[in-house]
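I have placed the structure first, in the form of structure tokens, so that the comments after it can refer back to it.
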Amino acid sequence: MRILNVVVCLLLALFINIPLTQADTYPEVVFDNSLVKGVYAKSVVEYTGEAWVENLNKHLLVSDSLFFTPGNALSLRYKSSSTGHWHVDLKYSRQKFNYEIAPKDFLVLKMYIKSESTEKNDLPRIQIKQHGTETDLLNIASYVEDFGYNMWLNVKIPIDKFSNLNFDKPITAICLSQNKASGNTHHLFIDQVEFLSKPPSEVKLTSPAILSEIEAYDKQVSLKWQLPLTPSIRYIKIYRSEDNEHFVPVAMRPIFMQGCLDYVSDINKTYYYKIAWVDYNYVESPFSAVREVTTKKLNTDQLLRVVQGAHLNYFIENYDINSGMYVPYRMKKQAIVSVKETGNAILSLLIAAENKQLNKQMALSRISKIVYFLMRSQNRYGVFPAYFDGRTGLPHYHHNDTDYDVIATSSIIESLLVARQYFKAEDELEVDLRNRITKLWENIQWNKLIAKGTDDILVEKVSIDDSLRNSITLGGINESINSYLLAMSAPKHNIPLSAYEHGIKNRDIRMVSSYKRIDSLATDTLAMVMESFRTVFNLVGHLPLHEELPRVSILQDTTLYGIQLPFGYEGSSLLEYYKPFFTIQPRMLADKSINFEESIRNYITVRKRRDNEIGVGSTSSDIWGFYQLNDSVGNYRINPSIAPASMFLLPEEGKRSMMVMYENYGESFFTEYGFRAWLDLRNNDVSDEYFAANQAANAILMENANSGMIWKLYHDIPEIKALFEQLFDENQKENYITSYER
């Protein structure tokens, strides 16, 4: 079995998909800023012969003193040679987007020619790269408006000028490359590389911007604004001053954001701020009134609240106005919403309301909108697809996957049941919300979601044609636990209590996890390999209950780093172990054979010991929790939720990790939406996106560690409480500890 697990891990490392994310800029922007100082790690420099491009570790340098939009621009210093060649790729780095351009779009960028010996033909050529293809090269000089030196020039290229462009393929990079050979060294600055549609609104910005709120939290200054419904506003530009006279631009934010955090260097110092609206031509509105703020040192608990509040804000702001659902990414033509992550958004809204970060009526209104949307949306046996079009309520299928997702549905229903507990008032709105949530739960026909030949093993997905023959089955220490508990406790169409032993305590060997999913090619490959290993090692005889199902016991006892691991070790993300406990307090699973609290704590400790031993580019033992390791290129990316979110079981370790990450890397790594998706210490790189699962883990588990709020609400659900009394002999009240009091 251990050999089998090793092979599975190796396969999964090749085929695992990247989770859905959200960037804090527009999807059409290829480059606006490098998030770390010095170099732009998402650029790739190559040159041969006597050609040359200035670089650091094969990346372009950036300028933080000369830029078109704050806070930096790309520095391109190069020499073109007849006996060599150079080119630079600016990678489209947003991992979740398959950004596709339209025939009437423009590729635009800003260029500053520093070297006055540079003539038009010395300027680079440019092309667009897609998966496996690239366009012909165009001369940038042909599209420069008002050629000149030491000024920002506008470059605007109609997309239809690029030959060999496939409009059905996503963009992977913009490539700048050598044009005319020259004996001179040329120096350009490049900024704001993006695709724009034609034509943008030309409404003049004549009214002053409105900076409505400002407050300091340690070295973070929180700014909020009131944005008018003017279609020509594209960005909010933030200016800062230390003397109320000399203001410098420090940041740009897109209009879908309601505020931002600005990182400053000093504590107990007064700063002055003003903002301006910016249109599509980068013309600014009149300034807002100036507001001042004085930074002050926060203690650990106060700072943790600031960090949690930023992660909550991610879910407060990123939603579809039509449905109230969470938006994983923004698209031109559709409003794609995620069912599963909306569950995490609902829990976050409840926490934000309880902590007075969000008005309770606003939380109620948005959750109510979500419920109305779900009630009129397409489903199968009460089960929803993983994604919807938020405008139509129709399923949005990824990779032609027309299935309905049991895990995603469980996530949102479970969260709605927690909301049903939270909104307990007897007024008309809250009573109506509770009734509609109950109806959604009652509508799920759990007894039709079971694997063929069983009556207590849930499948992961159901298809339109009702075929369950080859469906992966749920089980293991992951979100399957939540699905089974809902299915057993459901007021209608429930499944037998035997599902606890047969379903939760056994897992499908084809199932990586309920969050990380391998693609169709990997599924087929993995299935063949699994079948071979089952035959070679005679695993069929060890499959429990139903020999036709490739399931094994979760109890695969092993020891690593001096600690016992009851479920074996496959190197999967700790987030999969965390997710069930967003709602379930571990000690409430009072299983006679498994101590869930101790077991998950052991896995956390092992991960910390492993990461500390390998090293992730930090000298601090409190920086740990990387999710991507590739020895061949030295790629170590720290997941900022693995260590901090562990505070729900290891309070001191989790708090220390969060504080060290914030204090040492907060300037580039922490924003108004919390920690970015990853930090690569060895390659001086940071993600320009966010992972919804990460933001939820930090926001929700921090609250459970602090007050137990979500745990208590979940365990007070009458149907869940009754189920636990049936499943476990021990008195749950003696086993339950929380400080949450409403």
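Identifiers for the structure tokens are assigned positionally: chains receive A, B, ... in sequence, residues are indexed from 1 per chain, and ligands are indexed from 1 in the order shown.
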Applying 7 Å and only C-alpha atoms, which residues near range 379-385 of chain A remain after dropping the ones on its own chain fewer than 5 positions away? List them as a PDB file with C-alpha atoms, in the first residue's frame.
```pdb
ATOM      1  CA  PRO A 395     -24.678  25.812 -14.999  1.00  0.00           C
ATOM      2  CA  ASP A 403     -21.827  16.806 -13.602  1.00  0.00           C
ATOM      3  CA  TYR A 404     -23.442  18.137 -10.434  1.00  0.00           C
ATOM      4  CA  ASP A 405     -21.064  18.451  -7.502  1.00  0.00           C
ATOM      5  CA  VAL A 406     -21.933  16.884  -4.141  1.00  0.00           C
ATOM      6  CA  THR A 409     -23.419  21.554  -2.713  1.00  0.00           C
ATOM      7  CA  ASN A 443     -34.742  19.222  -1.573  1.00  0.00           C
ATOM      8  CA  ILE A 444     -31.474  17.224  -1.694  1.00  0.00           C
ATOM      9  CA  GLN A 445     -32.210  13.550  -2.394  1.00  0.00           C
TER      10      GLN A 445
END
```
Neighbour list for range 117-128 of chain A as a list in words, cut-off 8 Å, only C-alpha atoms, skip fewer than 6 positions in-chain |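 Once the nearby chain positions are removed, what remains is Glu134, Thr135, Asp136, Leu137, Leu138, Asn139, Ile140, Ala141, Phe147, Phe162, Leu165, Ile171, Thr172, Ala173, Ile174, Cys175, Leu176, Ser177, Gln178, Asn179, Lys180, Ala181, Ser182, Asn184 and His186 of chain A.
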Restricting it to N, CA and C atoms, dump the selection as a PDB file, in the first residue's frame.
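Printed below is selection11.pdb as written:
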```pdb
ATOM      1  N   GLU A 134       2.533  31.328 -31.557  1.00  0.00           N
ATOM      2  CA  GLU A 134       2.892  32.730 -31.373  1.00  0.00           C
ATOM      3  C   GLU A 134       2.603  33.487 -32.662  1.00  0.00           C
ATOM      4  N   THR A 135       2.304  34.765 -32.533  1.00  0.00           N
ATOM      5  CA  THR A 135       1.996  35.570 -33.707  1.00  0.00           C
ATOM      6  C   THR A 135       3.282  36.001 -34.401  1.00  0.00           C
ATOM      7  N   ASP A 136       3.106  36.569 -35.580  1.00  0.00           N
ATOM      8  CA  ASP A 136       4.248  37.210 -36.235  1.00  0.00           C
ATOM      9  C   ASP A 136       4.650  38.445 -35.428  1.00  0.00           C
ATOM     10  N   LEU A 137       5.883  38.911 -35.680  1.00  0.00           N
ATOM     11  CA  LEU A 137       6.417  40.058 -34.956  1.00  0.00           C
ATOM     12  C   LEU A 137       6.025  41.370 -35.636  1.00  0.00           C
ATOM     13  N   LEU A 138       5.669  42.364 -34.823  1.00  0.00           N
ATOM     14  CA  LEU A 138       5.371  43.696 -35.321  1.00  0.00           C
ATOM     15  C   LEU A 138       6.396  44.688 -34.775  1.00  0.00           C
ATOM     16  N   ASN A 139       6.695  45.712 -35.540  1.00  0.00           N
ATOM     17  CA  ASN A 139       7.576  46.769 -35.066  1.00  0.00           C
ATOM     18  C   ASN A 139       6.795  47.716 -34.158  1.00  0.00           C
ATOM     19  N   ILE A 140       7.239  47.844 -32.924  1.00  0.00           N
ATOM     20  CA  ILE A 140       6.579  48.763 -31.997  1.00  0.00           C
ATOM     21  C   ILE A 140       6.603  50.190 -32.541  1.00  0.00           C
ATOM     22  N   ALA A 141       7.684  50.552 -33.226  1.00  0.00           N
ATOM     23  CA  ALA A 141       7.845  51.925 -33.715  1.00  0.00           C
ATOM     24  C   ALA A 141       6.684  52.374 -34.596  1.00  0.00           C
ATOM     25  N   PHE A 147       6.543  60.186 -31.144  1.00  0.00           N
ATOM     26  CA  PHE A 147       7.857  59.706 -30.723  1.00  0.00           C
ATOM     27  C   PHE A 147       8.666  60.837 -30.082  1.00  0.00           C
ATOM     28  N   PHE A 162      -1.980  41.574 -35.676  1.00  0.00           N
ATOM     29  CA  PHE A 162      -1.178  40.387 -35.353  1.00  0.00           C
ATOM     30  C   PHE A 162      -1.686  39.204 -36.173  1.00  0.00           C
ATOM     31  N   LEU A 165      -2.989  34.771 -35.036  1.00  0.00           N
ATOM     32  CA  LEU A 165      -3.560  34.856 -33.693  1.00  0.00           C
ATOM     33  C   LEU A 165      -4.832  34.015 -33.632  1.00  0.00           C
ATOM     34  N   ILE A 171      -4.149  33.812 -23.759  1.00  0.00           N
ATOM     35  CA  ILE A 171      -2.861  34.502 -23.855  1.00  0.00           C
ATOM     36  C   ILE A 171      -1.917  33.953 -22.787  1.00  0.00           C
ATOM     37  N   THR A 172      -0.681  33.683 -23.166  1.00  0.00           N
ATOM     38  CA  THR A 172       0.309  33.227 -22.190  1.00  0.00           C
ATOM     39  C   THR A 172       1.413  34.251 -21.943  1.00  0.00           C
ATOM     40  N   ALA A 173       1.720  35.091 -22.938  1.00  0.00           N
ATOM     41  CA  ALA A 173       2.804  36.064 -22.738  1.00  0.00           C
ATOM     42  C   ALA A 173       2.784  37.115 -23.844  1.00  0.00           C
ATOM     43  N   ILE A 174       3.362  38.260 -23.536  1.00  0.00           N
ATOM     44  CA  ILE A 174       3.714  39.268 -24.527  1.00  0.00           C
ATOM     45  C   ILE A 174       5.234  39.236 -24.657  1.00  0.00           C
ATOM     46  N   CYS A 175       5.708  39.117 -25.873  1.00  0.00           N
ATOM     47  CA  CYS A 175       7.149  38.973 -26.093  1.00  0.00           C
ATOM     48  C   CYS A 175       7.710  40.217 -26.771  1.00  0.00           C
ATOM     49  N   LEU A 176       8.765  40.778 -26.202  1.00  0.00           N
ATOM     50  CA  LEU A 176       9.543  41.861 -26.805  1.00  0.00           C
ATOM     51  C   LEU A 176      10.855  41.263 -27.296  1.00  0.00           C
ATOM     52  N   SER A 177      11.255  41.594 -28.513  1.00  0.00           N
ATOM     53  CA  SER A 177      12.461  40.963 -29.042  1.00  0.00           C
ATOM     54  C   SER A 177      13.264  41.930 -29.911  1.00  0.00           C
ATOM     55  N   GLN A 178      14.460  41.504 -30.232  1.00  0.00           N
ATOM     56  CA  GLN A 178      15.411  42.331 -30.970  1.00  0.00           C
ATOM     57  C   GLN A 178      14.853  42.749 -32.322  1.00  0.00           C
ATOM     58  N   ASN A 179      15.151  43.989 -32.698  1.00  0.00           N
ATOM     59  CA  ASN A 179      14.788  44.492 -34.016  1.00  0.00           C
ATOM     60  C   ASN A 179      16.080  44.748 -34.802  1.00  0.00           C
ATOM     61  N   LYS A 180      16.440  45.989 -35.038  1.00  0.00           N
ATOM     62  CA  LYS A 180      17.636  46.314 -35.817  1.00  0.00           C
ATOM     63  C   LYS A 180      18.900  46.185 -34.970  1.00  0.00           C
ATOM     64  N   ALA A 181      19.930  45.585 -35.557  1.00  0.00           N
ATOM     65  CA  ALA A 181      21.217  45.489 -34.869  1.00  0.00           C
ATOM     66  C   ALA A 181      21.818  46.879 -34.702  1.00  0.00           C
ATOM     67  N   SER A 182      22.481  47.088 -33.567  1.00  0.00           N
ATOM     68  CA  SER A 182      23.043  48.403 -33.277  1.00  0.00           C
ATOM     69  C   SER A 182      24.226  48.242 -32.346  1.00  0.00           C
ATOM     70  N   ASN A 184      24.902  50.448 -30.127  1.00  0.00           N
ATOM     71  CA  ASN A 184      24.576  51.190 -28.911  1.00  0.00           C
ATOM     72  C   ASN A 184      23.805  50.329 -27.913  1.00  0.00           C
ATOM     73  N   HIS A 186      20.659  50.478 -25.486  1.00  0.00           N
ATOM     74  CA  HIS A 186      19.416  51.236 -25.416  1.00  0.00           C
ATOM     75  C   HIS A 186      18.737  50.987 -24.072  1.00  0.00           C
TER      76      HIS A 186
END
```
When distances are computed from only C-alpha atoms, which of A:Tyr263, A:Tyr714, A:Trp152, A:Tyr422 shows the smallest separation from Tyr665 in chain A?
->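 Of all the options, A:Tyr263 lies closest to Tyr665 in chain A.
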Step one, run DSSP on the backbone; step two, keep only residues of range 404-496 of chain A assigned to helix (DSSP H, G or I); then write them as a ChimeraX atom specification.
-> /A:406-422,428-442,446-448,480-489
Would you tabulate, counting only C-alpha atoms, all residues of range 214-290 of chain A that have an atom at most 9 Å from an atom of range 199-205 of chain A, showing the closest pair of atoms and their distance in Å to one decimal, sorted by chain then ascending number, as CSV?
```
residue,atom,partner,partner_atom,distance
A:Thr230,CA,A:Val203,CA,7.6
A:Pro231,CA,A:Ser201,CA,6.1
A:Ser232,CA,A:Ser201,CA,4.7
A:Ile233,CA,A:Leu205,CA,7.7
A:Trp277,CA,A:Leu205,CA,7.4
A:Val278,CA,A:Leu205,CA,7.9
A:Asp279,CA,A:Leu205,CA,7.4
A:Tyr280,CA,A:Pro200,CA,6.6
A:Asn281,CA,A:Glu202,CA,8.7
A:Val283,CA,A:Leu205,CA,8.2
A:Glu284,CA,A:Leu205,CA,7.1
A:Ser285,CA,A:Leu205,CA,4.9
A:Pro286,CA,A:Leu205,CA,7.7
```
So how far away is CA of Trp225 in chain A from CA of Gly259 in chain A, in Å?
->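 The value is 6.0 Å.
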Which residues come within 12 Å of Ser621 in chain A, counting only C-alpha atoms, excluding same-chain residues fewer than 3 positions away, as a PDB file with C-alpha atoms, in the first residue's frame?
```pdb
ATOM      1  CA  ARG A 607       4.462  19.286   8.176  1.00  0.00           C
ATOM      2  CA  LYS A 608       6.232  21.953  10.232  1.00  0.00           C
ATOM      3  CA  ARG A 609       9.126  19.614  11.027  1.00  0.00           C
ATOM      4  CA  ARG A 610       9.442  18.576   7.389  1.00  0.00           C
ATOM      5  CA  ASP A 611       9.397  22.150   6.074  1.00  0.00           C
ATOM      6  CA  ASN A 612      11.853  23.357   8.712  1.00  0.00           C
ATOM      7  CA  GLU A 613      14.224  20.524   7.854  1.00  0.00           C
ATOM      8  CA  ILE A 614      14.104  21.109   4.098  1.00  0.00           C
ATOM      9  CA  GLY A 615      14.093  24.890   4.413  1.00  0.00           C
ATOM     10  CA  VAL A 616      11.999  27.280   2.373  1.00  0.00           C
ATOM     11  CA  GLY A 617      14.351  30.224   2.052  1.00  0.00           C
ATOM     12  CA  SER A 618      13.828  31.628   5.535  1.00  0.00           C
ATOM     13  CA  TRP A 624       6.671  27.008   6.988  1.00  0.00           C
ATOM     14  CA  GLY A 625       3.858  25.492   4.944  1.00  0.00           C
ATOM     15  CA  ALA A 643       0.888  27.710   9.184  1.00  0.00           C
ATOM     16  CA  GLU A 653       2.471  28.177  16.604  1.00  0.00           C
ATOM     17  CA  GLY A 654      -0.213  29.572  14.308  1.00  0.00           C
ATOM     18  CA  ARG A 656       3.726  33.206  15.657  1.00  0.00           C
ATOM     19  CA  SER A 657       3.733  32.195  11.998  1.00  0.00           C
ATOM     20  CA  VAL A 660       6.359  36.660  11.360  1.00  0.00           C
ATOM     21  CA  MET A 661       4.902  36.585   7.852  1.00  0.00           C
TER      22      MET A 661
END
```
Just list the residues in range 236-301 of chain A DSSP gives strand (DSSP E) on the backbone, as a PyMOL selection string.
-> chain A and resi 236-241+248-254+259-263+270-279+291-294
Within 8 Å of Ile159 in chain A, counting only C-alpha atoms, which residues show up once you throw out same-chain ones fewer than 3 positions away? Write them as a ChimeraX atom specification, please.
-> /A:102-107,162
Keeping only C-alpha atoms, take the residues you just selected and write them out as a short mmCIF file (atom, residue, chain, number, x, y, z; two decimals), in the first residue's frame.
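Here's the written file part16.cif:
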```
data_model
loop_
_atom_site.label_atom_id
_atom_site.label_comp_id
_atom_site.auth_asym_id
_atom_site.auth_seq_id
_atom_site.Cartn_x
_atom_site.Cartn_y
_atom_site.Cartn_z
CA ALA A 102 -11.40 39.88 -29.17
CA PRO A 103 -10.69 40.96 -32.78
CA LYS A 104 -11.55 44.61 -32.08
CA ASP A 105 -9.32 44.90 -29.00
CA PHE A 106 -6.07 46.86 -28.78
CA LEU A 107 -2.78 45.90 -27.17
CA PHE A 162 -1.18 40.39 -35.35
#
```
At what distance in Å, to one decimal, does CA of Glu28 in chain A lie from CA of Pro254 in chain A?
->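 Going from CA of Pro254 in chain A over to CA of Glu28 in chain A covers 11.9 Å.
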May I have the residues within 12 Å of Ala705 in chain A as a ChimeraX atom specification, using only C-alpha atoms and disregarding those fewer than 3 positions away in the same chain?
-> /A:304,308,581-583,585-586,644-652,654-655,697-702,708-712,737-740
